[in-house]
Amino acid sequence: MRLVFATHNTHKAIEVQKMVPDAFEIITLTDLNILDEIPETGQTLQANALIKARFIHQKLGYNCFADDTGLEVEALNGEPGVYSARYAGIAKNNEANITKLLNNLSTKENRRARFVTCICLFWLDEMFVFEGELKGTIIHEKIGTNGFGYDPVFVPDGYDITLAQMDLMTKNLISHRGKAFKKMAEFLLENKG
Ligand code: ITT
């Protein structure tokens, strides 16, 4: 069964395909040749996930979902939060975002942070929301080359390596997105018939 993921981020689509039941084939906006960059104008992660999922649901009428993730850093009053993708001003420039984050944290002792993912699913024309979080610490320099975004500077609680040093399977087991998508996968398994 095809399920549209309202994203152009192929990294995320690969992560998610591994998490949902095999019966579901994840199709991205790029696969559908939909080039629109859906404006994420919401003030919260849930509002942005809803904007993206509703855009596709209204345009195509398909079962579809979108997610939004933010990194919330305690000492920065929850920043970058909903602005995580464009923290340094340039959309999705991971290098610049990490540099700005490390600069802003350079004088702070508290380096606690968490990733939060919110998913909005349109399933048979009804809307459902799923959430997951991952707590950890921001380190002082980048380590590792796997993953994307802030992974090279985030060490999850209970580990002494960054998310960028983990293989994808391990990241999916513990991550904010993994936990939120596990909830969605359980829902889909229960409701697919
Ligand atoms: P969309 O096209 O789906 O909007 P995106 O790249 O903007 O893709 P998100 O909205 O989910 O991705 O996440 C916002 C930013 O948060 C993203 O650009 C990364 O900088 C960061 N981020 C999200 N998930 C992450 C993860 O698992 N590890 C590290 N950083 C992550």
# chains A, B, ... in the order shown; residues from 1 in each chain; ligands from 1
$ select_by_dssp --residues "segment 41-93 of chain A" --states "strand (DSSP E)" --output "JSON, numbers by chain"
{"A": [64, 65, 66, 67, 68, 69, 70, 71, 72, 73, 80, 81]}
$ residues_around --residues "Gly147 of chain A" --least-positions-apart "2" --cutoff "9 Å" --atoms "only C-alpha atoms" --output "PyMOL selection string"
chain A and resi 11+144-145+149-152+163-168+171
$ write_last_selection --atoms "C-alpha atoms" --output "mmCIF file, in the first residue's frame"
data_model
loop_
_atom_site.group_PDB
_atom_site.id
_atom_site.type_symbol
_atom_site.label_atom_id
_atom_site.label_comp_id
_atom_site.auth_asym_id
_atom_site.auth_seq_id
_atom_site.Cartn_x
_atom_site.Cartn_y
_atom_site.Cartn_z
ATOM 1 C CA HIS A 11 17.473 10.705 4.305
ATOM 2 C CA GLY A 144 30.982 11.159 12.875
ATOM 3 C CA THR A 145 29.692 11.275 9.327
ATOM 4 C CA GLY A 149 21.391 17.697 10.607
ATOM 5 C CA TYR A 150 22.744 18.059 14.142
ATOM 6 C CA ASP A 151 23.688 14.348 14.458
ATOM 7 C CA PRO A 152 27.492 14.977 14.670
ATOM 8 C CA LEU A 163 24.152 9.998 16.449
ATOM 9 C CA ALA A 164 26.476 10.511 13.478
ATOM 10 C CA GLN A 165 28.658 7.608 14.696
ATOM 11 C CA MET A 166 25.702 5.220 14.913
ATOM 12 C CA ASP A 167 24.472 2.926 12.195
ATOM 13 C CA LEU A 168 20.989 3.695 10.966
ATOM 14 C CA LYS A 171 19.613 5.374 15.485
#
$ residues_near_ligand --ligand "ligand 1" --cutoff "7 Å" --atoms "only C-alpha atoms and all ligand atoms" --output "tab-separated table (two decimals) with C-alpha atoms, in the first residue's frame"
chain	number	residue	atom	x	y	z
A	6	ALA	CA	5.25	14.94	2.38
A	7	THR	CA	8.99	15.59	2.29
A	8	HIS	CA	11.87	16.08	-0.12
A	9	ASN	CA	14.34	14.81	2.46
A	66	ALA	CA	4.43	14.63	7.29
A	67	ASP	CA	6.73	15.13	10.21
A	68	ASP	CA	8.53	18.02	11.74
A	69	THR	CA	11.48	17.72	14.08
A	70	GLY	CA	13.15	20.27	16.26
A	71	LEU	CA	16.22	20.32	18.46
A	84	SER	CA	16.06	23.96	13.45
A	85	ALA	CA	16.31	23.62	9.66
A	92	LYS	CA	18.95	23.24	5.59
A	94	ASN	CA	23.77	21.69	8.37
A	147	GLY	CA	22.97	10.74	9.55
A	148	PHE	CA	22.25	14.41	8.93
A	149	GLY	CA	21.39	17.70	10.61
A	150	TYR	CA	22.74	18.06	14.14
A	151	ASP	CA	23.69	14.35	14.46
A	175	SER	CA	15.58	8.23	18.00
A	177	ARG	CA	11.70	9.98	14.78
$ residues_around --residues "segment 40-51 of chain A" --least-positions-apart "3" --cutoff "10 Å" --atoms "only C-alpha atoms" --output "list in words"
Ala6, Glu37, Arg54, Phe55, Ile56, His57, Phe65, Ala66, Asp67, Asp68, Thr69, Gly70, Gly81, Val82, Tyr83, Val116, Thr117, Cys118, Ile119, Cys120, Leu121, Phe122, Met127, Phe128, Val129, Phe130 and Glu131 of chain A
$ select_by_dssp --residues "segment 8-41 of chain A" --states "alpha helix (DSSP H)" --output "JSON, numbers by chain"
{"A": [10, 11, 12, 13, 14, 15, 16, 17]}
$ write_last_selection --atoms "N, CA, C and O atoms" --output "mmCIF file, in the first residue's frame"
data_model
loop_
_atom_site.group_PDB
_atom_site.id
_atom_site.type_symbol
_atom_site.label_atom_id
_atom_site.label_comp_id
_atom_site.auth_asym_id
_atom_site.auth_seq_id
_atom_site.Cartn_x
_atom_site.Cartn_y
_atom_site.Cartn_z
ATOM 1 N N THR A 10 15.340 12.846 1.413
ATOM 2 C CA THR A 10 15.439 11.412 1.144
ATOM 3 C C THR A 10 16.064 10.646 2.312
ATOM 4 O O THR A 10 15.748 9.478 2.533
ATOM 5 N N HIS A 11 16.900 11.337 3.104
ATOM 6 C CA HIS A 11 17.473 10.705 4.305
ATOM 7 C C HIS A 11 16.353 10.226 5.223
ATOM 8 O O HIS A 11 16.354 9.106 5.726
ATOM 9 N N LYS A 12 15.391 11.138 5.443
ATOM 10 C CA LYS A 12 14.285 10.804 6.339
ATOM 11 C C LYS A 12 13.437 9.686 5.738
ATOM 12 O O LYS A 12 13.000 8.785 6.448
ATOM 13 N N ALA A 13 13.206 9.744 4.421
ATOM 14 C CA ALA A 13 12.363 8.728 3.780
ATOM 15 C C ALA A 13 12.993 7.338 3.915
ATOM 16 O O ALA A 13 12.290 6.356 4.169
ATOM 17 N N ILE A 14 14.330 7.282 3.794
ATOM 18 C CA ILE A 14 15.018 5.989 3.934
ATOM 19 C C ILE A 14 14.867 5.482 5.367
ATOM 20 O O ILE A 14 14.581 4.302 5.608
ATOM 21 N N GLU A 15 15.045 6.394 6.329
ATOM 22 C CA GLU A 15 14.874 6.001 7.736
ATOM 23 C C GLU A 15 13.465 5.452 7.964
ATOM 24 O O GLU A 15 13.273 4.417 8.599
ATOM 25 N N VAL A 16 12.478 6.161 7.434
ATOM 26 C CA VAL A 16 11.080 5.807 7.715
ATOM 27 C C VAL A 16 10.683 4.513 7.015
ATOM 28 O O VAL A 16 9.973 3.685 7.588
ATOM 29 N N GLN A 17 11.160 4.306 5.774
ATOM 30 C CA GLN A 17 10.806 3.069 5.063
ATOM 31 C C GLN A 17 11.205 1.839 5.873
ATOM 32 O O GLN A 17 10.513 0.836 5.884
#
